[in-house]
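Trainee: What follows is target30.txt, made up of compact mmCIF, C-alpha atoms:
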# COMPACT_ATOMS: atom_id res chain seq x y z
CA MET A 1 121.37 102.41 98.75
CA ALA A 2 123.00 99.24 100.02
CA GLY A 3 121.09 97.52 102.79
CA VAL A 4 118.08 99.84 102.77
CA CYS A 5 114.76 98.35 101.64
CA GLY A 6 111.89 100.36 100.24
CA ILE A 7 108.41 99.36 101.37
CA LEU A 8 105.36 100.74 99.57
CA LEU A 9 102.16 100.43 101.56
CA ALA A 10 99.28 99.69 99.17
CA ALA A 11 96.89 97.68 101.35
CA GLY A 12 94.29 100.34 102.14
CA SER A 13 90.67 100.08 101.04
CA GLY A 14 90.40 103.66 99.79
CA SER A 15 86.96 104.04 101.37
CA ARG A 16 87.05 107.86 101.48
CA PHE A 17 87.89 107.84 97.78
CA GLY A 18 84.89 105.64 97.05
CA GLY A 19 86.97 102.50 96.44
CA GLY A 20 89.50 101.62 93.77
CA LYS A 21 91.78 104.50 94.75
CA LEU A 22 95.12 102.81 94.20
CA MET A 23 94.15 101.65 90.69
CA HIS A 24 92.71 105.06 89.77
CA PRO A 25 94.57 106.48 86.74
CA LEU A 26 96.47 109.67 87.36
CA PRO A 27 95.40 112.68 85.30
CA GLY A 28 97.70 113.21 82.37
CA SER A 29 99.48 109.85 82.46
CA GLY A 30 96.71 107.29 82.86
CA VAL A 31 99.05 105.24 85.06
CA PRO A 32 97.34 103.83 88.18
CA MET A 33 98.23 105.86 91.25
CA ALA A 34 99.92 103.03 93.17
CA ILE A 35 101.89 101.88 90.13
CA HIS A 36 103.24 105.40 89.66
CA ALA A 37 104.22 105.45 93.35
CA TRP A 38 105.85 102.01 92.98
CA ARG A 39 107.94 103.10 89.99
CA THR A 40 109.19 106.08 91.98
CA VAL A 41 110.18 103.94 94.97
CA LYS A 42 111.82 101.31 92.75
CA ALA A 43 113.79 103.97 90.86
CA ALA A 44 115.30 105.21 94.12
CA LEU A 45 115.63 101.85 95.91
CA PRO A 46 116.00 98.80 93.65
CA ASP A 47 115.51 96.55 96.70
CA SER A 48 111.84 97.27 97.36
CA ALA A 49 108.59 95.46 98.12
CA VAL A 50 104.92 96.37 98.10
CA VAL A 51 102.34 95.43 100.74
CA VAL A 52 98.83 94.63 99.49
CA ARG A 53 95.61 93.27 100.94
CA PRO A 54 94.52 89.75 99.97
CA GLY A 55 91.87 89.63 97.27
CA ASP A 56 92.83 92.94 95.64
CA ASN A 57 93.39 91.00 92.43
CA ALA A 58 93.55 93.87 89.92
CA LEU A 59 96.14 95.70 92.01
CA VAL A 60 98.19 92.56 92.60
CA ALA A 61 98.16 91.82 88.86
CA ALA A 62 99.30 95.38 88.10
CA PHE A 63 102.19 95.10 90.56
CA ARG A 64 103.14 91.66 89.19
CA ALA A 65 103.29 93.16 85.71
CA GLU A 66 105.82 95.65 87.12
CA GLY A 67 107.93 92.81 88.55
CA ALA A 68 107.21 93.94 92.11
CA ARG A 69 108.03 91.79 95.12
CA ILE A 70 104.61 91.45 96.78
CA VAL A 71 103.83 90.98 100.48
CA GLU A 72 100.22 90.10 101.31
CA CYS A 73 99.03 91.43 104.66
CA GLU A 74 96.31 89.11 105.94
CA ASP A 75 95.18 91.58 108.60
CA ALA A 76 95.39 94.76 106.51
CA GLY A 77 91.87 95.63 107.65
CA ASP A 78 93.28 96.24 111.14
CA GLY A 79 94.96 99.43 109.94
CA MET A 80 98.10 100.83 108.37
CA GLY A 81 100.17 99.70 111.33
CA ARG A 82 99.60 96.06 110.41
CA SER A 83 100.55 96.67 106.77
CA LEU A 84 103.74 98.41 107.82
CA ALA A 85 104.53 95.59 110.25
CA SER A 86 104.03 92.99 107.52
CA GLY A 87 106.34 94.81 105.15
CA VAL A 88 109.12 95.09 107.70
CA ARG A 89 108.68 91.49 108.88
CA ALA A 90 108.99 90.20 105.31
CA ASN A 91 112.15 92.25 104.79
CA ALA A 92 113.79 91.76 108.19
CA TYR A 93 117.23 91.25 106.60
CA ALA A 94 117.53 94.97 105.76
CA ASN A 95 119.68 97.54 107.56
CA GLY A 96 116.73 99.92 107.41
CA TRP A 97 113.42 100.58 105.71
CA ILE A 98 111.97 103.52 103.81
CA ILE A 99 108.19 103.48 104.27
CA ALA A 100 106.32 105.06 101.36
CA LEU A 101 102.58 105.28 100.70
CA GLY A 102 100.76 104.13 97.58
CA ASP A 103 98.48 107.17 97.63
CA MET A 104 101.32 109.71 97.40
CA PRO A 105 102.08 109.73 93.66
CA SER A 106 103.81 113.14 93.52
CA LEU A 107 106.79 112.12 95.63
CA ARG A 108 110.11 112.38 93.79
CA ALA A 109 112.61 109.52 93.53
CA GLY A 110 115.32 111.97 94.60
CA THR A 111 113.47 112.57 97.86
CA ILE A 112 113.36 108.85 98.62
CA ALA A 113 117.07 108.56 97.83
CA ALA A 114 117.85 111.54 100.10
CA VAL A 115 115.96 109.95 103.01
CA ALA A 116 117.83 106.67 102.40
CA ARG A 117 121.21 108.46 102.37
CA ALA A 118 120.40 110.24 105.63
CA LEU A 119 119.25 106.94 107.15
CA GLU A 120 122.53 105.25 106.22
CA LEU A 121 124.58 108.20 107.44
CA HIS A 122 122.91 108.75 110.82
CA ALA A 123 121.26 105.37 111.67
CA ARG A 124 118.33 107.30 113.16
CA ILE A 125 114.71 107.80 112.12
CA VAL A 126 114.59 110.19 109.15
CA VAL A 127 111.49 112.28 108.41
CA PRO A 128 111.38 114.59 105.38
CA THR A 129 109.87 118.04 105.80
CA PHE A 130 108.50 120.56 103.35
CA ALA A 131 107.70 124.13 104.40
CA GLY A 132 108.26 123.09 108.01
CA LYS A 133 105.75 120.22 107.93
CA ARG A 134 106.63 116.55 108.37
CA GLY A 135 105.79 114.22 105.49
CA HIS A 136 106.67 110.90 103.89
CA PRO A 137 108.49 108.64 103.25
CA VAL A 138 109.94 107.91 106.69
CA GLY A 139 113.17 105.97 107.14
CA PHE A 140 113.77 103.61 110.06
CA PRO A 141 117.06 101.95 110.99
CA ALA A 142 117.20 98.22 111.77
CA GLY A 143 117.21 98.86 115.53
CA PHE A 144 113.49 99.66 115.33
CA HIS A 145 112.56 96.28 113.84
CA ASP A 146 110.79 94.90 116.92
CA GLU A 147 108.71 98.02 117.45
CA LEU A 148 107.77 98.22 113.78
CA VAL A 149 106.59 94.61 113.54
CA ALA A 150 104.44 95.12 116.67
CA LEU A 151 102.49 98.05 115.16
CA ARG A 152 98.68 97.96 115.00
CA GLY A 153 95.90 100.38 114.14
CA ASP A 154 95.71 103.36 111.80
CA ALA A 155 98.32 105.57 113.43
CA GLY A 156 101.06 103.84 111.46
CA ALA A 157 104.44 104.52 113.04
CA ARG A 158 103.40 107.78 114.72
CA THR A 159 103.72 106.22 118.18
CA ILE A 160 107.35 105.28 117.45
CA LEU A 161 108.11 108.82 116.29
CA ASN A 162 106.57 110.24 119.46
CA THR A 163 108.22 107.75 121.82
CA HIS A 164 111.65 108.21 120.25
CA ALA A 165 111.55 111.94 119.45
CA ASP A 166 115.24 112.20 120.38
CA GLN A 167 116.06 109.69 117.62
CA VAL A 168 114.28 111.61 114.84
CA ILE A 169 116.16 113.65 112.25
CA GLU A 170 114.11 116.08 110.16
CA LEU A 171 115.38 116.41 106.61
CA ALA A 172 114.23 119.62 104.90
CA LEU A 173 113.58 118.97 101.21
CA ASP A 174 112.08 120.97 98.36
CA ASP A 175 109.41 118.42 97.46
CA ALA A 176 105.75 119.28 98.04
CA GLY A 177 105.01 115.64 97.15
CA THR A 178 106.13 114.64 100.65
CA LEU A 179 102.85 116.10 101.97
CA ALA A 180 100.49 115.34 99.07
CA ASP A 181 98.39 112.25 99.64
CA VAL A 182 95.15 111.37 97.89
CA ASP A 183 92.18 110.62 100.14
CA THR A 184 89.32 111.81 97.91
CA PRO A 185 88.91 112.34 94.14
CA ALA A 186 89.18 116.10 94.71
CA ASP A 187 92.72 115.62 96.01
CA LEU A 188 93.81 114.56 92.52
CA ASP A 189 93.35 118.14 91.32
CA ARG A 190 95.58 119.46 94.11
CA LEU A 191 98.60 117.25 93.49
CA PRO A 192 101.87 119.15 92.99
CA GLY A 193 102.85 119.25 89.35
CA GLY A 194 99.39 118.11 88.31
CA SER A 195 100.15 114.39 88.52
Rewrite the coordinates I just gave you, this time as structure tokens.
Mentor:
Amino acid sequence: MAGVCGILLAAGSGSRFGGGKLMHPLPGSGVPMAIHAWRTVKAALPDSAVVVRPGDNALVAAFRAEGARIVECEDAGDGMGRSLASGVRANAYANGWIIALGDMPSLRAGTIAAVARALELHARIVVPTFAGKRGHPVGFPAGFHDELVALRGDAGARTILNTHADQVIELALDDAGTLADVDTPADLDRLPGGS
């Protein structure tokens, strides 16, 4: 997808999981959750970067081993909005960004590619849906750069979606992984496809 950059947010602390969430091996594969998510994003969007928190050395080393382009978010503790802002700021050259989450390992590469295609086609915010519910990853065209880099707090980009509801396209896809995030260890057992 020419001009569209994938951004994987992997700067959370995983406190509800008990810590170490993003490095937790997925059942069946043994691959750390965030690395599995990274491989999926990279497969769909070769031009991608990952946002991490400073000092998360094991995770950074794992991403480096994958050849990932790493963005450190100094104020990641201020919420997902800051991580998202850092990722967009570091990749400001792009025509748009697909924002994926490191704790959503069941997402399919084809879903990410479909969101990117819709983003390129319509130049509007693209939100995938499954069974009528909005999920991730969300695509933003370049015109939202300034609002994205100003984000703060844990709401992520929700305020942008609400403020610009007329600029949002919902893309219905057959991928339960768009809704399946991992907050607690019990969530691992509920992932679509068992991974």
Trainee: Can you check which parts of stretch 3-98 of chain A lie within 7 Å of stretch 127-141 of chain A? Per residue, the shortest pair of atoms and distance in Å to one decimal, counting all atoms listed in the file, sorted by chain and number, as CSV.
Mentor:
residue,atom,partner,partner_atom,distance
A:Asn95,CA,A:Pro141,CA,6.2
A:Gly96,CA,A:Pro141,CA,4.1
A:Trp97,CA,A:Phe140,CA,5.3
A:Ile98,CA,A:Gly139,CA,4.3
Trainee: Output C-alpha atoms for every residue in the selection just made, as a short mmCIF file (atom, residue, chain, number, x, y, z; two decimals), in the coordinates of the input.
Mentor:
data_model
loop_
_atom_site.label_atom_id
_atom_site.label_comp_id
_atom_site.auth_asym_id
_atom_site.auth_seq_id
_atom_site.Cartn_x
_atom_site.Cartn_y
_atom_site.Cartn_z
CA ASN A 95 119.68 97.54 107.56
CA GLY A 96 116.73 99.92 107.41
CA TRP A 97 113.42 100.58 105.71
CA ILE A 98 111.97 103.52 103.81
#
Trainee: For a cutoff of 9 Å around the file-coordinate point (117.6, 107.8, 100.9), which residues qualify once you count only C-alpha atoms? I'd like the result as a PDB file with C-alpha atoms, keeping the file's coordinate frame.
Mentor:
ATOM      1  CA  MET A   1     121.370 102.410  98.750  1.00  0.00           C
ATOM      2  CA  VAL A   4     118.080  99.840 102.770  1.00  0.00           C
ATOM      3  CA  ALA A  44     115.300 105.210  94.120  1.00  0.00           C
ATOM      4  CA  LEU A  45     115.630 101.850  95.910  1.00  0.00           C
ATOM      5  CA  ILE A  98     111.970 103.520 103.810  1.00  0.00           C
ATOM      6  CA  GLY A 110     115.320 111.970  94.600  1.00  0.00           C
ATOM      7  CA  THR A 111     113.470 112.570  97.860  1.00  0.00           C
ATOM      8  CA  ILE A 112     113.360 108.850  98.620  1.00  0.00           C
ATOM      9  CA  ALA A 113     117.070 108.560  97.830  1.00  0.00           C
ATOM     10  CA  ALA A 114     117.850 111.540 100.100  1.00  0.00           C
ATOM     11  CA  VAL A 115     115.960 109.950 103.010  1.00  0.00           C
ATOM     12  CA  ALA A 116     117.830 106.670 102.400  1.00  0.00           C
ATOM     13  CA  ARG A 117     121.210 108.460 102.370  1.00  0.00           C
ATOM     14  CA  ALA A 118     120.400 110.240 105.630  1.00  0.00           C
ATOM     15  CA  LEU A 119     119.250 106.940 107.150  1.00  0.00           C
ATOM     16  CA  GLU A 120     122.530 105.250 106.220  1.00  0.00           C
ATOM     17  CA  GLY A 139     113.170 105.970 107.140  1.00  0.00           C
TER      18      GLY A 139
END
Trainee: Mind pulling up the distance from atom CA of A:Glu72 to atom CA of A:Pro54?
Mentor: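 So the two atoms, atom CA of A:Pro54 and atom CA of A:Glu72, lie 5.9 Å apart.
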Trainee: Have a look at atom CA of A:Ala58 and atom CA of A:Leu22 and let me know their distance in Å, one decimal.
Mentor: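 One can read the atom CA of A:Ala58 to atom CA of A:Leu22 distance as 10.0 Å.
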Trainee: Which one of A:His145, A:Lys21, A:Arg152, A:Arg124 sits closest to A:Met80 if you count only C-alpha atoms?
Mentor: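 Result for the nearest residue to A:Met80: A:Arg152.
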Trainee: Closest to A:Ala61 among A:Ile160, A:Pro185, A:Ser86, A:Met23, using all atoms listed in the file?
Mentor: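 Of the candidates, the smallest distance to A:Ala61 is held by A:Met23.
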Trainee: In file coordinates, which residues lie within 8 Å of (109.0, 103.5, 95.3) using only C-alpha atoms, given as a list in words?
Mentor: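 Here is the list of nearby residues: Gly6, Ile7, Leu8, Ala37, Trp38, Arg39, Thr40, Val41, Lys42, Ala43, Ala44, Leu45, Ser48, Ala100, Ala109 and Ile112 of chain A.
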Trainee: Could you tell me which of A:Ala11, A:Ala85, A:Met33, A:Ala76 comes closest to A:Val51 if we count only C-alpha atoms?
Mentor: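 Counting only C-alpha atoms, the residue closest to A:Val51 is A:Ala11.
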Trainee: Interatomic distance between atom CA of A:Val31 and atom CA of A:Met104?
Mentor: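 Interatomic distance, atom CA of A:Val31 to atom CA of A:Met104: 13.3 Å.
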Trainee: Looking at A:Val168, A:Ala49, A:Pro105, A:Gly67, which one is nearest to A:Gly87, with distances taken over all atoms listed in the file?
Mentor: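 Result for the nearest residue to A:Gly87: A:Ala49.
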Trainee: Which is closest to A:Val60 among A:Asp47, A:Ala92, A:Ala10, A:Ala176, if we use all atoms listed in the file?
Mentor: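 That would be A:Ala10, the residue with the smallest distance to A:Val60.
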Trainee: Counting only C-alpha atoms, which residue out of A:Gly177, A:Pro32, A:Gly3, A:Pro25 sits closest to A:Ala62?
Mentor: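 Ranking A:Gly177, A:Pro32, A:Gly3, A:Pro25 by distance to A:Ala62, first place goes to A:Pro32.
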